[in-house]
Amino acid sequence: EDGVFEFFRYAKEHDLDGFRKGSHEIEGQRLFVNIVEYETVEAEKRFWEAHREYLDIHLMLEGEEQIDLNFIQNMDVKDYVQEDDFLPMEGKKNGSVVLREGDFLICYPGDAHRTAVAVEGSKKIKKAIFKVRI
């Protein structure tokens with residue numbers, strides 16, 4: 001079954017607001033969800049990333065956050081860290097999206113993203129990040 005559809009079903013059937021911070025297994029390493037809480041900050045204090053083995057589905061539970069976006073071919077890509085499935089890079093945004101409670105964003109491996117950017121001043125947020133192995 002497609003992990004994206006599994007995400008919709010899982011999010012509908014579970015009270016993610018009640019989940020504690022940390023990683024929660026859904027189906028082994030193929031599909032899991034990380035619950036994160038943090039304060040949003042100015043874009044300059046944040047980093048760009050992408051992933052090769054997983055796609056990310058960001059689901060906002062509380063608060064609001066801007067996520068800046070670009071395609072990795074427009075970025076200055078650094079060395080891939082395989083054990084963390086982390087591809088760091090530098091560059092400029094080509095667009096942004098603001099996530100508010102109930103909004104979600106799917107980031108595919110070609111999508112560079114910079115998260116935790118403040119919308120109007122720093123705010124505390126709680127978010128579920130579903131990781132789907134592709």
# chains A, B, ... in the order shown; residues from 1 in each chain; ligands from 1
call {"tool": "select_by_dssp", "arguments": {"residues": "stretch 36-102 of chain A", "states": "strand (DSSP E or B)", "output": "number ranges by chain"}}
result
A: 36-39, 41, 48-50, 54-62, 64-71, 76-77, 81, 86-90, 95-100
call {"tool": "residues_around", "arguments": {"residues": "A:Gly121", "least_positions_apart": "6", "cutoff": "9 Å", "atoms": "only C-alpha atoms", "output": "PyMOL selection string"}}
result
chain A and resi 40-42
call {"tool": "select_by_dssp", "arguments": {"residues": "stretch 1-50 of chain A", "states": "alpha helix (DSSP H)", "output": "list in words"}}
result
Gly3, Val4, Phe5, Glu6, Phe7, Phe8, Arg9, Tyr10, Ala11, Lys12 and Glu13 of chain A
call {"tool": "write_last_selection", "arguments": {"atoms": "N, CA and C atoms", "output": "PDB file, in the first residue's frame"}}
result
ATOM      1  N   GLY A   3       2.446   4.539   1.035  1.00  0.00           N
ATOM      2  CA  GLY A   3       2.653   5.147   2.348  1.00  0.00           C
ATOM      3  C   GLY A   3       1.900   6.443   2.549  1.00  0.00           C
ATOM      4  N   VAL A   4       1.672   7.198   1.470  1.00  0.00           N
ATOM      5  CA  VAL A   4       0.963   8.465   1.605  1.00  0.00           C
ATOM      6  C   VAL A   4      -0.487   8.212   2.034  1.00  0.00           C
ATOM      7  N   PHE A   5      -1.113   7.205   1.452  1.00  0.00           N
ATOM      8  CA  PHE A   5      -2.487   6.878   1.860  1.00  0.00           C
ATOM      9  C   PHE A   5      -2.519   6.324   3.278  1.00  0.00           C
ATOM     10  N   GLU A   6      -1.494   5.564   3.647  1.00  0.00           N
ATOM     11  CA  GLU A   6      -1.409   5.050   5.017  1.00  0.00           C
ATOM     12  C   GLU A   6      -1.308   6.205   6.011  1.00  0.00           C
ATOM     13  N   PHE A   7      -0.572   7.241   5.621  1.00  0.00           N
ATOM     14  CA  PHE A   7      -0.457   8.423   6.478  1.00  0.00           C
ATOM     15  C   PHE A   7      -1.833   9.003   6.768  1.00  0.00           C
ATOM     16  N   PHE A   8      -2.653   9.197   5.720  1.00  0.00           N
ATOM     17  CA  PHE A   8      -3.985   9.775   5.912  1.00  0.00           C
ATOM     18  C   PHE A   8      -4.819   8.929   6.870  1.00  0.00           C
ATOM     19  N   ARG A   9      -4.770   7.624   6.671  1.00  0.00           N
ATOM     20  CA  ARG A   9      -5.570   6.739   7.524  1.00  0.00           C
ATOM     21  C   ARG A   9      -5.069   6.784   8.973  1.00  0.00           C
ATOM     22  N   TYR A  10      -3.754   6.694   9.136  1.00  0.00           N
ATOM     23  CA  TYR A  10      -3.178   6.686  10.487  1.00  0.00           C
ATOM     24  C   TYR A  10      -3.490   7.997  11.207  1.00  0.00           C
ATOM     25  N   ALA A  11      -3.337   9.117  10.504  1.00  0.00           N
ATOM     26  CA  ALA A  11      -3.583  10.430  11.117  1.00  0.00           C
ATOM     27  C   ALA A  11      -5.049  10.571  11.524  1.00  0.00           C
ATOM     28  N   LYS A  12      -5.940   9.980  10.747  1.00  0.00           N
ATOM     29  CA  LYS A  12      -7.367  10.061  11.040  1.00  0.00           C
ATOM     30  C   LYS A  12      -7.745   9.174  12.232  1.00  0.00           C
ATOM     31  N   GLU A  13      -7.085   8.004  12.344  1.00  0.00           N
ATOM     32  CA  GLU A  13      -7.469   7.020  13.355  1.00  0.00           C
ATOM     33  C   GLU A  13      -6.761   7.195  14.696  1.00  0.00           C
TER      34      GLU A  13
END
call {"tool": "residues_around", "arguments": {"residues": "A:Tyr108", "least_positions_apart": "3", "cutoff": "10 Å", "atoms": "only C-alpha atoms", "output": "ChimeraX atom specification"}}
result
/A:50-57,71,105,111-113,132,134
call {"tool": "atom_distance", "arguments": {"atom1": "atom CA of A:Glu62", "atom2": "atom CA of A:Asp84"}}
result
26.0 Å
call {"tool": "residues_around", "arguments": {"residues": "A:Ala116", "least_positions_apart": "4", "cutoff": "12 Å", "atoms": "only C-alpha atoms", "output": "MDAnalysis selection string"}}
result
chainID A and resid 36:48 58 60 63:68 96:99 121:127
call {"tool": "atom_distance", "arguments": {"atom1": "atom CA of A:Asp76", "atom2": "atom CA of A:Thr115"}}
result
17.6 Å
call {"tool": "atom_distance", "arguments": {"atom1": "atom CA of A:Leu61", "atom2": "atom CA of A:Lys93"}}
result
24.4 Å
call {"tool": "closest_residue", "arguments": {"among": "A:Glu83, A:Asp2, A:Glu90, A:Asp15", "to": "A:Arg114", "atoms": "only C-alpha atoms"}}
result
A:Glu90
